[in-house]
Amino acid sequence: MPARIQQAAFDAGAEANAFAAGLAGAGAIVTFTGIVRGDGGLLALEIEHYPGMTLRAVEAFVDAATLRFSLTDALVIHRHGRLAVGEAIMMVATAAPHRGDAFAAADFLMDWLKSRAPFWKKEIGPSGEAWVAARDSDEDALTRW
Amino acid sequence: MPARIQQAAFDAGAEANAFAAGLAGAGAIVTFTGIVRGDGGLLALEIEHYPGMTLRAVEAFVDAATLRFSLTDALVIHRHGRLAVGEAIMMVATAAPHRGDAFAAADFLMDWLKSRAPFWKKEIGPSGEAWVAARDSDEDALTRW
Amino acid sequence: MIDVLYFAWLRERIGLRRESVETQAATVADLVAELRTRGEGHDLAFADLAAVRVAVDQELAAFDAPLRGVREVAFFPPMTGG
Amino acid sequence: MIDVLYFAWLRERIGLRRESVETQAATVADLVAELRTRGEGHDLAFADLAAVRVAVDQELAAFDAPLRGVREVAFFPPMTGG
């Protein structure tokens with residue numbers, strides 16, 4: 001299952017090990033884990049998503065990465081709902097015969113998840129709530145690929 | 001402890017979780033794990049190293065990466081001795097407030113470990129043993145930084 | 001009948017997660033023009049279309065996308081996942 | 001007295017992990033010239049210096065590095081870790 005969208009917390013290390021155990025012929029595994037940072041007194045993050053669309057969109061990115069980078073396998077886990085500071089938001093794992101492909105594919109997946117997967121983050125702080133604005137740099141990052 | 005050189009196998013997922021648990025302020029964690037591939041009937045890999053020099057060299061690379069990429073923390077584990085196909089050879093973990101730094105630092109550390117850490121790999125196959133030749137591309141990769 | 005969905009601050013401004021709309025609109029842009037007449041919240045939500053993204057039948061689309069045969073249109077701000 | 005260490009195929013060709021060498025060599029290159037006279041294995045190991053790397057007191061160094069005060073010199077092929 002190349003992608004999972006879930007409210008529940010996940011164990012990044014256990015997921016990485018399960019991912020690695022299912023591989024044959026990989027020489028390189030890259031994982032990326034995104035964590036809620038407590039900058040500016042942030043209390044929690046609320047992540048909204050588009051249930052009908054999210055999983056298919058993420059799976060399409062995984063398929064694109066797999067085709068483009070000679071991957072052995074790839075995995076995306078992305079949470080929604082309320083997340084406390086320090087919790088893992090999402091993770092990407094990529095496996096390839098060679099490390100260049102594994103690194104590039106993880107970077108590629110992160111760029112697409114940031115700007116094209118239907119998730120929206122709201123920051124909940126001591127003085128109120130605010131939707132996170134998309135950054136031009138995230139959009140620009142897509143032109144790298 | 002930013003670097004460990006060891007003969008014993010390690011649990012990449014457990015190491016990644018322990019690394020993550022010790023962080024404060026990181027928004028991004030990248031891990032790289034190198035695995036012994038069974039290409040061409042390879043039976044095992046024998047990794048020799050230079051005990052007096054290895055740990056200090058690897059720690060120096062970690063220090064350089066930490067200075068250069070605004071890291072929260074970094075870890076390198078590298079094994080020596082005889083490794084079977086499918087076993088993890090080494091891992092790198094990097095943590096940073098932002099993902100660009102975490103990715104770049106992991107890539108940087110891999111480039112330095114490949115070409116400047118005193119490890120030598122010997123491939124043990126069905127028809128004999130042969131030292132792995134360094135590739136020009138690995139040496140060239142250092143000029144990126 | 002088209003199901004219209006709203007996410008993030010568009011949902012909050014409009015005060016709805018979804019609504020069913022009887023429309024003859026030919027394109028997403030035409031639909032937006034109709035939706036803006038539904039009230040102040042709708043009008044405000046669509047005031048700056050540069051800040052709005054659209055998906056047609058759960059695929060990202062442009063505002064000139066045709067609506068013939070379409071069952072679901074979703075409006076939301078630029079995505080901020082990852 | 002300098003401790004001279006060999007790794008990987010240099011170790012195998014020379015048949016030694018380390019040896020203590022009494023030398024007045026001024027540089028690594030001078031030391032290599034002396035070592036090559038120690039036997040066929042030594043001579044063969046240093047036949048192509050482009051394929052040999054050196055560390056002086058456990059720091060990577062060049063063949064023209066001076067040996068004054070040095071305690072340990074290691075010879076090995078290009079590294080292949082990671």
# chains A, B, ... in the order shown; residues from 1 in each chain; ligands from 1
call {"tool": "select_by_dssp", "arguments": {"residues": "region 58-131 of chain A", "states": "alpha helix (DSSP H)", "output": "list in words"}}
result
Val58, Glu59, Ala60, Phe61, Val62, Asp63, Ala64, Ala65, Thr66, Leu67, Arg68, Arg99, Gly100, Asp101, Ala102, Phe103, Ala104, Ala105, Ala106, Asp107, Phe108, Leu109, Met110, Asp111, Trp112, Leu113, Lys114, Ser115 and Arg116 of chain A
call {"tool": "write_last_selection", "arguments": {"atoms": "N, CA, C and O atoms", "output": "mmCIF file, in the first residue's frame"}}
result
data_model
loop_
_atom_site.group_PDB
_atom_site.id
_atom_site.type_symbol
_atom_site.label_atom_id
_atom_site.label_comp_id
_atom_site.auth_asym_id
_atom_site.auth_seq_id
_atom_site.Cartn_x
_atom_site.Cartn_y
_atom_site.Cartn_z
ATOM 1 N N VAL A 58 -2.307 11.414 -3.681
ATOM 2 C CA VAL A 58 -1.011 11.008 -3.132
ATOM 3 C C VAL A 58 -0.496 9.762 -3.853
ATOM 4 O O VAL A 58 0.686 9.654 -4.190
ATOM 5 N N GLU A 59 -1.402 8.829 -4.122
ATOM 6 C CA GLU A 59 -0.989 7.627 -4.862
ATOM 7 C C GLU A 59 -0.479 7.977 -6.259
ATOM 8 O O GLU A 59 0.452 7.348 -6.777
ATOM 9 N N ALA A 60 -1.086 8.991 -6.862
ATOM 10 C CA ALA A 60 -0.619 9.419 -8.188
ATOM 11 C C ALA A 60 0.796 9.985 -8.112
ATOM 12 O O ALA A 60 1.620 9.755 -9.000
ATOM 13 N N PHE A 61 1.097 10.707 -7.020
ATOM 14 C CA PHE A 61 2.470 11.232 -6.865
ATOM 15 C C PHE A 61 3.448 10.077 -6.678
ATOM 16 O O PHE A 61 4.564 10.099 -7.208
ATOM 17 N N VAL A 62 3.046 9.091 -5.902
ATOM 18 C CA VAL A 62 3.915 7.930 -5.669
ATOM 19 C C VAL A 62 4.172 7.199 -6.989
ATOM 20 O O VAL A 62 5.315 6.833 -7.293
ATOM 21 N N ASP A 63 3.120 7.041 -7.785
ATOM 22 C CA ASP A 63 3.288 6.391 -9.092
ATOM 23 C C ASP A 63 4.249 7.192 -9.972
ATOM 24 O O ASP A 63 5.118 6.631 -10.645
ATOM 25 N N ALA A 64 4.082 8.513 -9.972
ATOM 26 C CA ALA A 64 4.953 9.371 -10.785
ATOM 27 C C ALA A 64 6.406 9.244 -10.329
ATOM 28 O O ALA A 64 7.319 9.133 -11.159
ATOM 29 N N ALA A 65 6.622 9.238 -9.025
ATOM 30 C CA ALA A 65 7.989 9.124 -8.488
ATOM 31 C C ALA A 65 8.595 7.775 -8.846
ATOM 32 O O ALA A 65 9.776 7.679 -9.196
ATOM 33 N N THR A 66 7.778 6.725 -8.760
ATOM 34 C CA THR A 66 8.272 5.365 -9.017
ATOM 35 C C THR A 66 8.722 5.221 -10.471
ATOM 36 O O THR A 66 9.762 4.616 -10.759
ATOM 37 N N LEU A 67 7.928 5.801 -11.376
ATOM 38 C CA LEU A 67 8.271 5.760 -12.792
ATOM 39 C C LEU A 67 9.534 6.543 -13.087
ATOM 40 O O LEU A 67 10.382 6.132 -13.871
ATOM 41 N N ARG A 68 9.627 7.692 -12.439
ATOM 42 C CA ARG A 68 10.678 8.633 -12.799
ATOM 43 C C ARG A 68 12.044 8.284 -12.226
ATOM 44 O O ARG A 68 13.069 8.615 -12.807
ATOM 45 N N ARG A 99 21.493 5.372 -4.302
ATOM 46 C CA ARG A 99 21.042 6.400 -3.369
ATOM 47 C C ARG A 99 20.547 7.666 -4.047
ATOM 48 O O ARG A 99 19.670 8.339 -3.528
ATOM 49 N N GLY A 100 21.122 8.013 -5.193
ATOM 50 C CA GLY A 100 20.672 9.231 -5.880
ATOM 51 C C GLY A 100 19.175 9.199 -6.164
ATOM 52 O O GLY A 100 18.469 10.196 -5.954
ATOM 53 N N ASP A 101 18.694 8.054 -6.617
ATOM 54 C CA ASP A 101 17.265 7.922 -6.915
ATOM 55 C C ASP A 101 16.422 8.000 -5.650
ATOM 56 O O ASP A 101 15.350 8.606 -5.647
ATOM 57 N N ALA A 102 16.886 7.369 -4.581
ATOM 58 C CA ALA A 102 16.105 7.377 -3.342
ATOM 59 C C ALA A 102 16.000 8.797 -2.779
ATOM 60 O O ALA A 102 14.921 9.231 -2.356
ATOM 61 N N PHE A 103 17.120 9.535 -2.785
ATOM 62 C CA PHE A 103 17.090 10.922 -2.305
ATOM 63 C C PHE A 103 16.188 11.791 -3.193
ATOM 64 O O PHE A 103 15.341 12.536 -2.702
ATOM 65 N N ALA A 104 16.382 11.697 -4.501
ATOM 66 C CA ALA A 104 15.631 12.567 -5.414
ATOM 67 C C ALA A 104 14.138 12.281 -5.319
ATOM 68 O O ALA A 104 13.310 13.206 -5.320
ATOM 69 N N ALA A 105 13.772 11.018 -5.220
ATOM 70 C CA ALA A 105 12.355 10.659 -5.167
ATOM 71 C C ALA A 105 11.703 11.172 -3.883
ATOM 72 O O ALA A 105 10.552 11.625 -3.896
ATOM 73 N N ALA A 106 12.428 11.108 -2.769
ATOM 74 C CA ALA A 106 11.863 11.601 -1.503
ATOM 75 C C ALA A 106 11.657 13.120 -1.582
ATOM 76 O O ALA A 106 10.624 13.651 -1.153
ATOM 77 N N ASP A 107 12.630 13.799 -2.159
ATOM 78 C CA ASP A 107 12.549 15.251 -2.325
ATOM 79 C C ASP A 107 11.388 15.621 -3.264
ATOM 80 O O ASP A 107 10.599 16.535 -2.979
ATOM 81 N N PHE A 108 11.286 14.890 -4.360
ATOM 82 C CA PHE A 108 10.197 15.070 -5.331
ATOM 83 C C PHE A 108 8.838 14.869 -4.660
ATOM 84 O O PHE A 108 7.935 15.699 -4.780
ATOM 85 N N LEU A 109 8.701 13.786 -3.916
ATOM 86 C CA LEU A 109 7.409 13.524 -3.249
ATOM 87 C C LEU A 109 7.071 14.634 -2.258
ATOM 88 O O LEU A 109 5.915 15.069 -2.172
ATOM 89 N N MET A 110 8.063 15.114 -1.525
ATOM 90 C CA MET A 110 7.796 16.197 -0.569
ATOM 91 C C MET A 110 7.329 17.455 -1.288
ATOM 92 O O MET A 110 6.394 18.127 -0.846
ATOM 93 N N ASP A 111 7.977 17.784 -2.410
ATOM 94 C CA ASP A 111 7.557 18.973 -3.150
ATOM 95 C C ASP A 111 6.106 18.849 -3.616
ATOM 96 O O ASP A 111 5.333 19.804 -3.523
ATOM 97 N N TRP A 112 5.736 17.681 -4.111
ATOM 98 C CA TRP A 112 4.360 17.505 -4.592
ATOM 99 C C TRP A 112 3.367 17.464 -3.441
ATOM 100 O O TRP A 112 2.272 18.042 -3.539
ATOM 101 N N LEU A 113 3.735 16.830 -2.355
ATOM 102 C CA LEU A 113 2.818 16.793 -1.200
ATOM 103 C C LEU A 113 2.569 18.187 -0.650
ATOM 104 O O LEU A 113 1.456 18.525 -0.254
ATOM 105 N N LYS A 114 3.615 19.013 -0.630
ATOM 106 C CA LYS A 114 3.496 20.379 -0.101
ATOM 107 C C LYS A 114 2.515 21.222 -0.898
ATOM 108 O O LYS A 114 1.816 22.058 -0.334
ATOM 109 N N SER A 115 2.510 21.062 -2.188
ATOM 110 C CA SER A 115 1.789 22.015 -3.042
ATOM 111 C C SER A 115 0.636 21.429 -3.834
ATOM 112 O O SER A 115 -0.127 22.177 -4.437
ATOM 113 N N ARG A 116 0.503 20.107 -3.883
ATOM 114 C CA ARG A 116 -0.535 19.543 -4.743
ATOM 115 C C ARG A 116 -1.411 18.500 -4.054
ATOM 116 O O ARG A 116 -2.385 18.037 -4.658
#
call {"tool": "residues_around", "arguments": {"residues": "Ala65 (chain D)", "least_positions_apart": "5", "cutoff": "10 Å", "atoms": "only C-alpha atoms", "output": "PyMOL selection string"}}
result
chain D and resi 26-30+54-56+60
call {"tool": "calpha_fit_and_write", "arguments": {"fixed": "chain D", "moving": "chain C", "output": "mmCIF file with C-alpha atoms, in the first residue's frame"}}
result
data_model
loop_
_atom_site.group_PDB
_atom_site.id
_atom_site.type_symbol
_atom_site.label_atom_id
_atom_site.label_comp_id
_atom_site.auth_asym_id
_atom_site.auth_seq_id
_atom_site.Cartn_x
_atom_site.Cartn_y
_atom_site.Cartn_z
ATOM 1 C CA MET C 1 60.519 5.062 14.323
ATOM 2 C CA ILE C 2 57.304 5.409 12.384
ATOM 3 C CA ASP C 3 54.390 2.996 12.540
ATOM 4 C CA VAL C 4 53.374 2.215 8.970
ATOM 5 C CA LEU C 5 49.880 0.797 8.447
ATOM 6 C CA TYR C 6 48.378 -0.839 5.382
ATOM 7 C CA PHE C 7 44.719 -1.357 4.523
ATOM 8 C CA ALA C 8 42.665 -3.254 1.934
ATOM 9 C CA TRP C 9 44.620 -4.472 -1.088
ATOM 10 C CA LEU C 10 47.826 -2.744 0.047
ATOM 11 C CA ARG C 11 47.667 -4.847 3.213
ATOM 12 C CA GLU C 12 47.079 -7.969 1.165
ATOM 13 C CA ARG C 13 49.894 -7.315 -1.323
ATOM 14 C CA ILE C 14 52.375 -6.425 1.389
ATOM 15 C CA GLY C 15 51.181 -9.190 3.691
ATOM 16 C CA LEU C 16 51.306 -6.972 6.774
ATOM 17 C CA ARG C 17 48.798 -4.854 8.723
ATOM 18 C CA ARG C 18 51.563 -2.716 10.207
ATOM 19 C CA GLU C 19 55.301 -2.489 10.589
ATOM 20 C CA SER C 20 57.638 -0.211 12.529
ATOM 21 C CA VAL C 21 60.111 1.524 10.261
ATOM 22 C CA GLU C 22 63.377 3.202 11.243
ATOM 23 C CA THR C 23 63.674 6.013 8.737
ATOM 24 C CA GLN C 24 65.143 9.427 8.067
ATOM 25 C CA ALA C 25 62.704 10.032 5.200
ATOM 26 C CA ALA C 26 61.763 13.711 5.000
ATOM 27 C CA THR C 27 58.430 13.229 3.249
ATOM 28 C CA VAL C 28 55.837 10.548 2.608
ATOM 29 C CA ALA C 29 57.197 10.176 -0.938
ATOM 30 C CA ASP C 30 60.693 9.523 0.454
ATOM 31 C CA LEU C 31 59.226 6.923 2.831
ATOM 32 C CA VAL C 32 57.444 5.220 -0.052
ATOM 33 C CA ALA C 33 60.739 4.996 -1.970
ATOM 34 C CA GLU C 34 62.344 3.292 1.031
ATOM 35 C CA LEU C 35 59.409 0.940 1.578
ATOM 36 C CA ARG C 36 59.506 -0.218 -2.069
ATOM 37 C CA THR C 37 62.974 -1.677 -1.486
ATOM 38 C CA ARG C 38 61.648 -3.956 1.264
ATOM 39 C CA GLY C 39 60.454 -6.635 -1.128
ATOM 40 C CA GLU C 40 58.360 -7.541 -4.112
ATOM 41 C CA GLY C 41 55.046 -7.138 -2.296
ATOM 42 C CA HIS C 42 55.952 -3.654 -1.148
ATOM 43 C CA ASP C 43 57.226 -2.714 -4.612
ATOM 44 C CA LEU C 44 54.033 -3.938 -6.258
ATOM 45 C CA ALA C 45 51.778 -2.235 -3.719
ATOM 46 C CA PHE C 46 53.310 1.151 -4.473
ATOM 47 C CA ALA C 47 53.710 0.660 -8.245
ATOM 48 C CA ASP C 48 50.829 3.013 -9.066
ATOM 49 C CA LEU C 49 50.703 5.857 -6.561
ATOM 50 C CA ALA C 50 47.643 7.325 -8.273
ATOM 51 C CA ALA C 51 45.768 4.395 -6.713
ATOM 52 C CA VAL C 52 47.174 4.975 -3.225
ATOM 53 C CA ARG C 53 45.985 7.384 -0.536
ATOM 54 C CA VAL C 54 47.905 8.313 2.606
ATOM 55 C CA ALA C 55 47.076 9.478 6.108
ATOM 56 C CA VAL C 56 49.708 11.047 8.350
ATOM 57 C CA ASP C 57 48.955 10.744 12.058
ATOM 58 C CA GLN C 58 45.414 9.753 11.072
ATOM 59 C CA GLU C 59 44.706 12.752 8.866
ATOM 60 C CA LEU C 60 44.506 12.511 5.076
ATOM 61 C CA ALA C 61 47.698 13.962 3.574
ATOM 62 C CA ALA C 62 49.583 14.396 0.312
ATOM 63 C CA PHE C 63 52.705 12.502 -0.726
ATOM 64 C CA ASP C 64 54.818 15.597 -0.198
ATOM 65 C CA ALA C 65 53.724 15.860 3.456
ATOM 66 C CA PRO C 66 56.720 16.167 5.828
ATOM 67 C CA LEU C 67 57.373 13.371 8.318
ATOM 68 C CA ARG C 68 59.175 15.342 11.044
ATOM 69 C CA GLY C 69 57.666 14.350 14.407
ATOM 70 C CA VAL C 70 55.183 11.990 12.774
ATOM 71 C CA ARG C 71 54.343 8.733 14.569
ATOM 72 C CA GLU C 72 51.954 6.962 12.187
ATOM 73 C CA VAL C 73 51.631 6.803 8.410
ATOM 74 C CA ALA C 74 48.893 4.747 6.760
ATOM 75 C CA PHE C 75 48.574 3.695 3.109
ATOM 76 C CA PHE C 76 45.352 2.527 1.501
ATOM 77 C CA PRO C 77 43.323 2.637 -1.719
ATOM 78 C CA PRO C 78 40.676 5.297 -2.384
ATOM 79 C CA MET C 79 37.989 4.909 0.235
ATOM 80 C CA THR C 80 34.703 3.165 -0.529
ATOM 81 C CA GLY C 81 32.515 3.662 2.525
ATOM 82 C CA GLY C 82 28.875 4.598 2.766
#
call {"tool": "closest_residue", "arguments": {"among": "B:Ala3, B:Ile89, B:Ala26, B:Leu43", "to": "chain A", "atoms": "only C-alpha atoms"}}
result
B:Ala26
call {"tool": "select_by_dssp", "arguments": {"residues": "chain C", "states": "strand (DSSP E)", "output": "count of residues only"}}
result
21
call {"tool": "residues_around", "arguments": {"residues": "Arg82 (chain A)", "least_positions_apart": "2", "cutoff": "8 Å", "atoms": "only C-alpha atoms", "output": "PyMOL selection string"}}
result
chain A and resi 44-47+80+84
call {"tool": "closest_atom_pairs", "arguments": {"of": "chain B", "to": "chain A", "cutoff": "9 Å", "atoms": "only C-alpha atoms", "output": "Markdown table"}}
result
| residue | atom | partner | partner_atom | distance |
| --- | --- | --- | --- | --- |
| B:Asp11 | CA | A:Asn17 | CA | 8.1 |
| B:Ala12 | CA | A:Asn17 | CA | 7.0 |
| B:Gly13 | CA | A:Gly13 | CA | 3.7 |
| B:Ala14 | CA | A:Gly13 | CA | 5.7 |
| B:Glu15 | CA | A:Gly13 | CA | 7.7 |
| B:Ala16 | CA | A:Gly13 | CA | 5.8 |
| B:Asn17 | CA | A:Gly13 | CA | 5.3 |
| B:Ala18 | CA | A:Gly13 | CA | 8.9 |
| B:Leu23 | CA | A:Gly86 | CA | 8.9 |
| B:Ala24 | CA | A:Gly86 | CA | 8.0 |
| B:Gly25 | CA | A:Arg37 | CA | 5.7 |
| B:Ala26 | CA | A:Arg37 | CA | 6.4 |
| B:Gly27 | CA | A:Ile35 | CA | 4.5 |
| B:Ala28 | CA | A:Gly34 | CA | 4.8 |
| B:Ile29 | CA | A:Thr33 | CA | 5.1 |
| B:Val30 | CA | A:Phe32 | CA | 4.5 |
| B:Thr31 | CA | A:Thr31 | CA | 5.1 |
| B:Phe32 | CA | A:Val30 | CA | 4.5 |
| B:Thr33 | CA | A:Ile29 | CA | 5.1 |
| B:Gly34 | CA | A:Ala28 | CA | 4.8 |
| B:Ile35 | CA | A:Gly27 | CA | 4.5 |
| B:Val36 | CA | A:Gly27 | CA | 6.0 |
| B:Arg37 | CA | A:Gly27 | CA | 5.4 |
| B:Gly38 | CA | A:Gly25 | CA | 6.8 |
| B:Asp39 | CA | A:Gly25 | CA | 7.8 |
| B:Gly86 | CA | A:Ala24 | CA | 8.0 |
| B:Ala88 | CA | A:Gly27 | CA | 8.8 |
| B:Pro97 | CA | A:Arg37 | CA | 7.7 |
| B:Arg99 | CA | A:Gly34 | CA | 8.0 |
| B:Gly100 | CA | A:Asp107 | CA | 8.8 |
| B:Ala102 | CA | A:Phe32 | CA | 8.8 |
| B:Phe103 | CA | A:Asp107 | CA | 7.7 |
| B:Asp107 | CA | A:Phe103 | CA | 7.7 |
call {"tool": "residues_around", "arguments": {"residues": "Arg4 (chain B)", "least_positions_apart": "5", "cutoff": "9 Å", "atoms": "only C-alpha atoms", "output": "number ranges by chain"}}
result
B: 55, 58-59, 75-79
call {"tool": "atom_distance", "arguments": {"atom1": "CA of Phe69 (chain B)", "atom2": "CA of Ala96 (chain B)"}}
result
8.0 Å
call {"tool": "atom_distance", "arguments": {"atom1": "CA of Leu71 (chain B)", "atom2": "CA of Pro2 (chain B)"}}
result
12.1 Å
call {"tool": "atom_distance", "arguments": {"atom1": "CA of Gly128 (chain A)", "atom2": "CA of Ile5 (chain A)"}}
result
27.0 Å
